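Undergrad: Dropping in work_33.txt, which is compact mmCIF, C-alpha atoms:
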```txt
# COMPACT_ATOMS: atom_id res chain seq x y z
CA MET I 10 -39.32 -57.71 35.57
CA ALA I 11 -39.23 -60.89 37.67
CA PHE I 12 -36.46 -62.80 35.85
CA TYR I 13 -33.82 -63.95 38.33
CA ARG I 14 -30.09 -63.88 37.59
CA GLN I 15 -26.96 -64.53 39.65
CA VAL I 16 -23.50 -63.22 38.71
CA GLY I 17 -20.21 -63.64 40.58
CA SER I 18 -19.93 -64.50 44.25
CA VAL I 19 -23.01 -64.35 46.51
CA PRO I 20 -23.70 -66.14 49.81
CA PRO I 21 -26.18 -69.03 50.02
CA LYS I 22 -28.48 -66.96 52.24
CA ARG I 23 -29.24 -63.26 51.80
CA HIS I 24 -28.41 -60.78 54.57
CA THR I 25 -25.75 -63.07 56.00
CA ALA I 26 -21.99 -62.57 56.37
CA HIS I 27 -20.13 -62.88 53.07
CA ARG I 28 -16.34 -62.56 52.97
CA ASP I 29 -13.77 -62.19 50.21
CA GLU I 30 -10.77 -64.45 49.58
CA HIS I 31 -8.82 -62.64 52.32
CA GLY I 32 -11.55 -62.98 54.92
CA ALA I 33 -12.70 -59.34 54.73
CA LEU I 34 -16.42 -58.80 55.22
CA LEU I 35 -18.19 -57.63 52.05
CA HIS I 36 -20.87 -54.94 52.20
CA GLU I 37 -24.33 -55.90 50.97
CA GLU I 38 -26.36 -53.26 49.09
CA LEU I 39 -30.04 -53.68 48.28
CA MET I 40 -30.95 -51.85 45.07
CA GLY I 41 -34.74 -51.95 44.97
CA GLU I 42 -37.69 -50.33 43.24
CA GLU I 43 -40.88 -49.01 44.85
CA GLY I 44 -39.45 -49.01 48.35
CA PHE I 45 -39.16 -52.65 49.34
CA SER I 46 -42.15 -53.73 47.23
CA GLY I 47 -40.72 -53.97 43.69
CA ASP I 48 -37.98 -55.77 41.81
CA SER I 49 -34.54 -55.64 43.44
CA ALA I 50 -30.97 -56.86 43.34
CA LEU I 51 -28.43 -57.52 46.10
CA LEU I 52 -24.88 -56.37 45.34
CA TYR I 53 -21.78 -57.25 47.38
CA HIS I 54 -19.16 -54.48 47.55
CA ARG I 55 -15.58 -54.49 48.82
CA GLY I 56 -15.93 -50.85 49.92
CA LEU I 57 -18.71 -48.94 51.65
CA PRO I 58 -21.35 -47.93 49.03
CA PRO I 59 -22.35 -44.64 50.76
CA ALA I 60 -18.81 -43.40 51.53
CA LEU I 61 -18.93 -39.91 49.96
CA VAL I 62 -15.96 -37.53 50.22
CA ASP I 63 -17.37 -34.57 48.24
CA ALA I 64 -20.42 -33.30 46.35
CA THR I 65 -20.42 -30.43 43.84
CA VAL I 66 -22.87 -28.94 41.35
CA TRP I 67 -22.87 -30.52 37.87
CA GLU I 68 -24.35 -28.17 35.31
CA LEU I 69 -26.50 -30.30 33.02
CA PRO I 70 -26.58 -29.71 29.25
CA ASP I 71 -29.39 -27.38 28.18
CA GLN I 72 -32.64 -28.99 29.38
CA ARG I 73 -35.04 -26.16 28.53
CA THR I 74 -38.08 -26.83 26.37
CA VAL I 75 -40.61 -24.67 24.55
CA PRO I 76 -44.19 -25.58 23.54
CA ASN I 77 -44.98 -26.96 20.09
CA HIS I 78 -46.75 -23.72 19.27
CA PRO I 79 -48.10 -22.93 16.78
CA LEU I 80 -49.05 -26.58 16.74
CA ARG I 81 -47.76 -28.50 13.74
CA HIS I 82 -46.12 -31.72 12.61
CA ARG I 83 -42.34 -31.68 12.93
CA HIS I 84 -39.48 -33.43 11.15
CA LEU I 85 -36.15 -33.42 13.00
CA ARG I 86 -32.75 -34.38 11.56
CA PRO I 87 -30.59 -35.14 14.60
CA HIS I 88 -27.68 -36.34 12.43
CA ASP I 89 -27.17 -32.66 11.59
CA LEU I 90 -26.41 -31.91 15.24
CA PHE I 91 -23.16 -33.90 15.15
CA PRO I 92 -20.89 -33.18 12.15
CA ALA I 93 -18.34 -35.95 11.60
CA ASP I 94 -15.42 -33.64 12.36
CA ALA I 95 -16.86 -32.52 15.71
CA VAL I 96 -17.46 -35.74 17.68
CA ALA I 97 -13.93 -36.66 18.76
CA GLY I 98 -14.38 -35.55 22.38
CA VAL I 99 -18.13 -36.16 22.68
CA ASP I 100 -19.32 -38.82 25.14
CA ALA I 101 -22.68 -40.58 25.43
CA VAL I 102 -23.72 -38.82 28.66
CA THR I 103 -22.62 -35.19 28.63
CA GLY I 104 -22.88 -34.89 24.84
CA ARG I 105 -26.63 -35.56 24.58
CA ARG I 106 -28.81 -33.03 22.76
CA LEU I 107 -32.41 -32.70 23.93
CA LEU I 108 -34.98 -33.17 21.17
CA LEU I 109 -38.31 -33.53 22.98
CA GLY I 110 -39.59 -33.72 26.52
CA ASN I 111 -42.37 -33.48 29.06
CA ALA I 112 -42.71 -34.40 32.73
CA ASP I 113 -42.79 -38.14 31.90
CA VAL I 114 -40.08 -38.65 29.31
CA ARG I 115 -37.24 -36.86 27.54
CA ILE I 116 -35.86 -37.93 24.15
CA GLN I 117 -32.23 -37.11 23.41
CA TYR I 118 -29.73 -37.94 20.67
CA VAL I 119 -25.96 -38.25 20.74
CA VAL I 120 -23.04 -39.25 18.56
CA ALA I 121 -20.15 -40.21 20.85
CA ALA I 122 -16.52 -41.12 20.23
CA ALA I 123 -15.16 -40.83 23.79
CA THR I 124 -15.66 -42.81 27.00
CA SER I 125 -18.26 -41.19 29.23
CA PRO I 126 -17.77 -40.25 32.86
CA LEU I 127 -19.37 -42.44 35.50
CA TYR I 128 -23.06 -41.56 35.57
CA ARG I 129 -26.25 -42.35 37.43
CA ASP I 130 -29.77 -41.29 36.41
CA ALA I 131 -31.72 -40.99 39.65
CA VAL I 132 -34.85 -39.64 37.93
CA GLY I 133 -35.93 -42.81 36.09
CA ASP I 134 -34.94 -45.70 33.85
CA GLU I 135 -33.19 -45.10 30.54
CA LEU I 136 -33.78 -46.96 27.29
CA VAL I 137 -30.97 -46.34 24.79
CA TYR I 138 -31.30 -47.49 21.17
CA VAL I 139 -28.01 -48.01 19.33
CA GLU I 140 -28.51 -46.70 15.81
CA SER I 141 -24.94 -47.55 14.76
CA GLY I 142 -21.53 -48.21 16.23
CA ALA I 143 -20.84 -50.29 19.31
CA ALA I 144 -20.06 -49.74 22.97
CA VAL I 145 -19.72 -51.54 26.27
CA LEU I 146 -22.00 -50.42 29.09
CA GLU I 147 -19.86 -50.86 32.20
CA SER I 148 -21.80 -50.74 35.46
CA VAL I 149 -21.96 -51.99 39.03
CA PHE I 150 -23.47 -55.14 37.50
CA GLY I 151 -20.57 -55.81 35.10
CA ALA I 152 -19.84 -55.25 31.41
CA LEU I 153 -22.64 -55.39 28.83
CA PRO I 154 -21.78 -55.18 25.11
CA ALA I 155 -24.20 -53.17 22.96
CA ARG I 156 -24.29 -53.29 19.18
CA ARG I 157 -26.24 -51.74 16.33
CA GLY I 158 -29.94 -52.43 16.75
CA ASP I 159 -29.80 -53.05 20.50
CA HIS I 160 -32.08 -51.48 23.04
CA VAL I 161 -30.15 -51.03 26.30
CA LEU I 162 -32.37 -50.86 29.39
CA ILE I 163 -30.63 -49.18 32.35
CA PRO I 164 -32.54 -49.27 35.66
CA ARG I 165 -32.88 -46.06 37.62
CA ALA I 166 -29.84 -45.17 39.79
CA THR I 167 -27.51 -47.71 38.14
CA THR I 168 -23.96 -46.31 38.21
CA HIS I 169 -22.49 -46.85 34.75
CA ARG I 170 -20.38 -45.48 31.90
CA TRP I 171 -20.30 -45.90 28.13
CA VAL I 172 -17.03 -47.18 26.59
CA ILE I 173 -16.84 -46.91 22.80
CA ASP I 174 -15.97 -50.26 21.22
CA GLY I 175 -14.27 -49.88 17.84
CA PRO I 176 -13.35 -47.07 15.46
CA GLU I 177 -16.92 -46.02 14.63
CA PRO I 178 -18.70 -43.46 16.83
CA LEU I 179 -21.75 -44.56 18.80
CA ARG I 180 -25.01 -43.10 17.47
CA ALA I 181 -27.64 -43.41 20.18
CA TYR I 182 -31.30 -42.45 20.61
CA VAL I 183 -31.87 -41.97 24.32
CA ILE I 184 -35.23 -42.25 26.09
CA GLU I 185 -34.97 -40.89 29.64
CA ALA I 186 -38.03 -41.76 31.73
CA SER I 187 -39.34 -40.31 34.96
CA SER I 188 -40.54 -43.80 35.84
CA HIS I 189 -39.54 -47.41 35.33
CA ILE I 190 -39.59 -48.96 31.84
CA THR I 191 -40.89 -52.51 31.62
CA PRO I 192 -42.42 -54.98 29.18
CA PRO I 193 -46.17 -54.30 28.75
CA LYS I 194 -48.21 -56.01 31.46
CA ARG I 195 -50.30 -57.84 28.86
CA TYR I 196 -47.14 -59.76 27.84
CA LEU I 197 -46.55 -61.08 31.38
CA SER I 198 -48.02 -63.84 33.50
CA ASP I 199 -49.18 -63.07 37.04
CA SER I 200 -45.72 -64.06 38.29
CA GLY I 201 -43.84 -62.01 35.68
CA GLN I 202 -42.90 -64.56 33.01
CA LEU I 203 -43.16 -63.43 29.39
CA LEU I 204 -46.11 -65.22 27.81
CA GLU I 205 -46.16 -67.35 24.66
CA SER I 206 -48.16 -64.55 23.02
CA ALA I 207 -45.47 -61.94 23.72
CA PRO I 208 -43.33 -60.85 20.73
CA TYR I 209 -40.10 -61.70 22.60
CA CYS I 210 -39.00 -63.89 25.51
CA GLU I 211 -36.40 -64.05 28.28
CA ARG I 212 -33.87 -65.69 25.93
CA ASP I 213 -33.79 -62.43 23.97
CA LEU I 214 -32.67 -60.40 27.01
CA HIS I 215 -28.92 -60.27 27.64
CA ALA I 216 -27.39 -59.12 30.93
CA PRO I 217 -23.82 -58.82 32.33
CA THR I 218 -22.22 -62.18 33.05
CA ALA I 219 -19.24 -61.29 35.26
CA PRO I 220 -18.25 -58.56 37.76
CA LEU I 221 -15.85 -55.78 36.74
CA LEU I 222 -13.99 -55.47 40.05
CA GLU I 223 -12.30 -52.11 39.50
CA THR I 224 -10.26 -50.36 42.16
CA GLY I 225 -9.66 -46.68 42.81
CA THR I 226 -10.18 -43.86 45.28
CA ASP I 227 -11.88 -40.45 45.14
CA VAL I 228 -13.99 -41.50 42.13
CA GLU I 229 -16.56 -39.02 40.76
CA VAL I 230 -20.03 -40.06 39.60
CA LEU I 231 -22.27 -37.57 37.79
CA VAL I 232 -25.83 -37.87 39.07
CA ARG I 233 -28.99 -36.56 37.40
CA HIS I 234 -31.68 -36.09 40.03
CA ARG I 235 -34.61 -33.95 41.20
CA ALA I 236 -34.47 -30.94 43.52
CA ALA I 237 -37.29 -28.48 44.23
CA GLY I 238 -39.29 -29.86 41.30
CA LEU I 239 -36.41 -29.42 38.84
CA VAL I 240 -34.02 -31.90 37.22
CA VAL I 241 -30.49 -30.95 38.27
CA GLY I 242 -27.02 -32.49 38.43
CA THR I 243 -24.55 -33.29 41.21
CA GLY I 244 -21.00 -34.59 41.00
CA MET I 245 -20.65 -37.11 43.86
CA ARG I 246 -17.14 -38.20 44.79
CA TYR I 247 -16.79 -41.60 46.47
CA ALA I 248 -13.99 -42.93 48.65
CA THR I 249 -13.80 -46.17 46.63
CA HIS I 250 -14.71 -47.18 43.09
CA PRO I 251 -18.41 -48.17 42.73
CA PHE I 252 -17.42 -51.04 40.40
CA ASP I 253 -16.00 -52.99 43.37
CA VAL I 254 -18.93 -55.46 43.31
CA VAL I 255 -17.79 -59.10 43.57
CA GLY I 256 -21.23 -60.52 42.84
CA TRP I 257 -24.96 -59.82 42.70
CA ASP I 258 -28.28 -61.55 42.26
CA GLY I 259 -31.91 -60.60 41.80
CA CYS I 260 -34.38 -59.39 39.21
CA LEU I 261 -33.12 -55.82 38.66
CA TYR I 262 -30.20 -55.20 36.27
CA PRO I 263 -29.37 -53.65 32.90
CA TYR I 264 -29.97 -55.71 29.80
CA THR I 265 -29.94 -55.49 26.01
CA PHE I 266 -32.72 -56.49 23.64
CA ALA I 267 -32.03 -56.51 19.89
CA ILE I 268 -34.76 -55.00 17.73
CA THR I 269 -34.18 -57.90 15.30
CA ASP I 270 -35.44 -60.27 18.03
CA PHE I 271 -38.85 -58.59 18.07
CA GLU I 272 -41.33 -60.97 16.43
CA PRO I 273 -43.92 -58.93 14.48
CA ILE I 274 -47.62 -59.69 14.69
CA THR I 275 -49.48 -59.49 11.38
CA GLY I 276 -53.05 -60.06 10.15
CA ARG I 277 -55.35 -60.09 7.14
CA VAL I 278 -55.82 -56.32 7.43
CA HIS I 279 -53.63 -53.57 8.83
CA GLN I 280 -52.79 -54.06 12.50
CA PRO I 281 -52.82 -51.07 14.90
CA PRO I 282 -49.58 -49.81 16.46
CA PRO I 283 -50.09 -51.53 19.88
CA VAL I 284 -49.12 -54.85 18.24
CA HIS I 285 -45.65 -53.35 17.84
CA GLN I 286 -45.28 -52.36 21.49
CA ALA I 287 -42.03 -53.44 23.12
CA PHE I 288 -41.88 -51.43 26.38
CA ALA I 289 -44.05 -49.30 28.65
CA GLY I 290 -43.40 -46.43 31.06
CA VAL I 291 -45.72 -44.15 32.99
CA ASN I 292 -47.67 -42.11 30.41
CA PHE I 293 -45.71 -43.38 27.41
CA VAL I 294 -45.05 -46.54 25.36
CA VAL I 295 -42.24 -47.67 23.06
CA CYS I 296 -42.92 -49.67 19.87
CA ASP I 297 -40.61 -51.45 17.41
CA PHE I 298 -41.47 -51.51 13.71
CA VAL I 299 -39.44 -54.22 11.98
CA PRO I 300 -39.34 -55.89 8.52
CA ARG I 301 -42.38 -58.15 8.20
CA LYS I 302 -45.01 -59.75 5.99
CA VAL I 303 -47.98 -57.47 5.58
CA ASP I 304 -51.75 -57.77 5.33
CA TYR I 305 -53.04 -60.67 3.25
CA HIS I 306 -56.72 -59.83 2.74
CA PRO I 307 -57.20 -59.57 -1.08
CA LEU I 308 -58.36 -55.94 -0.76
CA ALA I 309 -55.99 -54.93 2.06
CA VAL I 310 -54.26 -51.54 2.06
CA PRO I 311 -50.93 -52.27 3.79
CA ALA I 312 -50.00 -48.61 4.32
CA PRO I 313 -51.18 -47.19 7.67
CA TYR I 314 -54.60 -45.57 7.58
CA TYR I 315 -54.76 -41.89 8.43
CA HIS I 316 -55.15 -41.44 12.15
CA SER I 317 -55.42 -38.72 14.78
CA ASN I 318 -54.76 -40.22 18.19
CA VAL I 319 -56.57 -37.73 20.39
CA ASP I 320 -54.72 -38.65 23.59
CA SER I 321 -51.10 -39.04 22.49
CA ASP I 322 -48.20 -37.44 20.65
CA GLU I 323 -46.43 -39.84 18.28
CA VAL I 324 -42.66 -39.72 17.79
CA MET I 325 -41.06 -42.00 15.19
CA PHE I 326 -37.30 -42.55 14.91
CA TYR I 327 -36.45 -43.98 11.47
CA CYS I 328 -33.39 -46.15 11.98
CA GLY I 329 -33.20 -48.47 8.97
CA GLY I 330 -34.81 -49.94 5.89
CA ASN I 331 -37.17 -48.17 3.53
CA TYR I 332 -40.22 -46.56 5.09
CA ALA I 333 -42.36 -46.45 1.94
CA ALA I 334 -45.34 -44.72 3.57
CA ARG I 335 -43.23 -41.58 4.04
CA ALA I 336 -41.73 -41.45 0.53
CA GLY I 337 -41.58 -37.87 -0.69
CA SER I 338 -41.79 -36.30 2.76
CA GLY I 339 -38.06 -35.81 3.32
CA ILE I 340 -37.96 -38.56 5.96
CA GLY I 341 -34.78 -40.64 5.82
CA GLN I 342 -32.27 -42.58 7.90
CA GLY I 343 -31.97 -40.94 11.31
CA SER I 344 -35.09 -38.78 10.93
CA VAL I 345 -37.45 -38.13 13.85
CA SER I 346 -41.08 -37.24 13.09
CA VAL I 347 -43.35 -35.62 15.67
CA HIS I 348 -47.12 -35.88 15.14
CA PRO I 349 -49.13 -34.13 17.89
CA GLY I 350 -52.17 -35.75 19.46
CA GLY I 351 -55.52 -35.14 17.76
CA TYR I 352 -53.86 -34.03 14.54
CA ALA I 353 -54.39 -36.39 11.56
CA HIS I 354 -51.30 -37.86 9.91
CA GLY I 355 -50.37 -40.90 7.86
CA PRO I 356 -49.00 -41.89 4.45
CA HIS I 357 -47.83 -39.21 2.08
CA PRO I 358 -49.59 -38.59 -1.27
CA GLY I 359 -49.48 -41.68 -3.47
CA ALA I 360 -48.16 -44.03 -0.76
CA TYR I 361 -51.60 -45.16 0.44
CA GLU I 362 -52.79 -46.50 -2.92
CA GLY I 363 -49.28 -47.46 -3.95
CA SER I 364 -49.03 -49.94 -1.08
CA ILE I 365 -51.88 -52.12 -2.42
CA GLY I 366 -50.50 -55.49 -3.46
CA ALA I 367 -47.33 -55.24 -1.35
CA GLU I 368 -46.44 -58.48 0.43
CA GLN I 369 -43.85 -57.22 2.88
CA VAL I 370 -42.25 -54.06 4.22
CA ASP I 371 -38.57 -53.39 4.87
CA GLU I 372 -38.65 -50.80 7.63
CA LEU I 373 -36.98 -50.29 10.97
CA ALA I 374 -38.26 -47.65 13.38
CA VAL I 375 -38.63 -47.01 17.10
CA MET I 376 -41.79 -45.18 18.11
CA VAL I 377 -42.58 -43.36 21.35
CA ASP I 378 -46.20 -42.43 22.08
CA THR I 379 -46.68 -40.03 24.98
CA PHE I 380 -49.94 -39.28 26.76
CA ARG I 381 -49.03 -35.73 27.66
CA PRO I 382 -47.94 -33.16 25.05
CA LEU I 383 -44.26 -33.01 24.17
CA GLU I 384 -42.30 -29.79 24.06
CA LEU I 385 -39.30 -29.00 21.87
CA GLY I 386 -35.75 -29.03 23.21
CA GLU I 387 -32.79 -27.04 21.95
CA GLY I 388 -31.71 -29.95 19.75
CA ALA I 389 -35.07 -30.04 17.96
CA LEU I 390 -34.97 -26.30 17.29
CA ALA I 391 -31.49 -26.67 15.81
CA CYS I 392 -32.27 -29.51 13.38
CA GLU I 393 -35.88 -29.06 12.23
CA ASP I 394 -36.92 -29.38 8.59
CA PRO I 395 -39.22 -26.34 8.29
CA ASP I 396 -41.08 -27.68 5.22
CA TYR I 397 -42.31 -31.00 6.62
CA ALA I 398 -45.72 -29.90 7.93
CA TRP I 399 -46.86 -28.84 4.46
CA THR I 400 -45.75 -31.94 2.51
CA TRP I 401 -49.23 -33.56 2.49
CA SER I 402 -50.78 -30.53 0.76
CA GLY I 403 -47.73 -29.45 -1.23
CA ARG I 404 -48.48 -25.83 -0.33
CA ARG I 405 -46.41 -23.58 1.88
CA PRO I 406 -48.28 -21.17 4.16
CA ARG I 407 -48.84 -17.60 3.05
CA ARG I 408 -47.02 -15.03 5.17
```
Can you dump the structure from the file as structure tokens?
TA:
Amino acid sequence: MAFYRQVGSVPPKRHTAHRDEHGALLHEELMGEEGFSGDSALLYHRGLPPALVDATVWELPDQRTVPNHPLRHRHLRPHDLFPADAVAGVDAVTGRRLLLGNADVRIQYVVAAATSPLYRDAVGDELVYVESGAAVLESVFGALPARRGDHVLIPRATTHRWVIDGPEPLRAYVIEASSHITPPKRYLSDSGQLLESAPYCERDLHAPTAPLLETGTDVEVLVRHRAAGLVVGTGMRYATHPFDVVGWDGCLYPYTFAITDFEPITGRVHQPPPVHQAFAGVNFVVCDFVPRKVDYHPLAVPAPYYHSNVDSDEVMFYCGGNYAARAGSGIGQGSVSVHPGGYAHGPHPGAYEGSIGAEQVDELAVMVDTFRPLELGEGALACEDPDYAWTWSGRRPRR
């Protein structure tokens, strides 16, 4: 988005000679989207950014998916994938478990206690939600602290690593896009400023404030990228450390946005999910459901009405509070529900009528709606609650 920042040392005029304190010429790198037509940043390196010394195959974690067939609602429990006694060596990049995916977006989950390797996602932007714990995202742009409840937006091809901050493991819900992730266009002015009607503003977005300036030689970066229509991995070894940037400026950089800074929009009757939208990618959207006052019409039913969105799969990550509409379904902290497009879903028995008269809800959830069907990853198959689809009727299928 077009929100300019400047960090560290940059020259007064772009594409002009810029030297360090010893008189050595710094190397300018343009990191830009959509060729030379989108948002960009200019970074000033001590070393040569393209100076590779080796490239080897990096075998990605299992990325295979299978169709949601026979079609049914799914309830996933990703906490079960990471027992407390088995996370000591897990990092936030190589330890991810794939829950759901299609050609546009992949949803992964990880519980990490170790610093990750240097990493770059060359397929698309990543949006990481911190369910609990804390970490520092170190990147070519500097250090960016991330805490519980933060979304961390990492632009495509940003070299970075996750450093755990504190004794508690990092629990993270990872949205990997095949596109860029931005605020919805309806929240932006023609020149890119967030409007008064948007549920958050530029003050809520936090970016790195100082360069890292690390040194080193023969430094490996794991890169996720495309080859022959597939997503594959390469270990690229560089002559100098990529975090040798003395300064940068522009409108492209990683930032955090706390879910608690999302300002909910309410009305006299139940508002549809688009009022909760926080981000958009190609063929998917991301929404934040936060504690809020609810509908104030005297006959309002605050619980969501039953709905079957014919064009989208709905994925809800329950990350805090008390989601009353799902009481009795088995949904709890850390649950992920998957409701396929065109397939009615909504409150569980008793919750619809029971919501009448409620004045507020105490819920925290991150929703992803996709406009192409999602398939199931190995992580989903390993942590599914097999009884969820039948909880509305209370009857298990006959076999």
Undergrad: So that I can see what lies close to stretch 156-167 of chain I, please list as a VMD selection string the residues with an atom at most 6 Å from it, counting all atoms listed in the file and leaving out residues fewer than 6 positions away in the same chain.
TA: chain I and resid 129 to 131 133 to 143 263 to 268
Undergrad: How far is it from atom CA of I:Ser148 to atom CA of I:Gln286, in Å with one decimal?
TA: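 Going from atom CA of I:Ser148 over to atom CA of I:Gln286 covers 27.4 Å.
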Undergrad: What does the distance between atom CA of I:His82 and atom CA of I:Thr379 come to in Å, to one decimal place?
TA: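 Going from atom CA of I:His82 over to atom CA of I:Thr379 covers 14.9 Å.
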Undergrad: Which distance in Å separates atom CA of I:Pro126 and atom CA of I:Pro92, to one decimal?
TA: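 These two atoms are separated by 22.1 Å.
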Undergrad: For I:Ala122, please output as a ChimeraX atom specification all residues within 10 Å (counting only C-alpha atoms; exclusion window: fewer than 4 positions along the same chain).
TA: /I:95-101,142,144,171-180
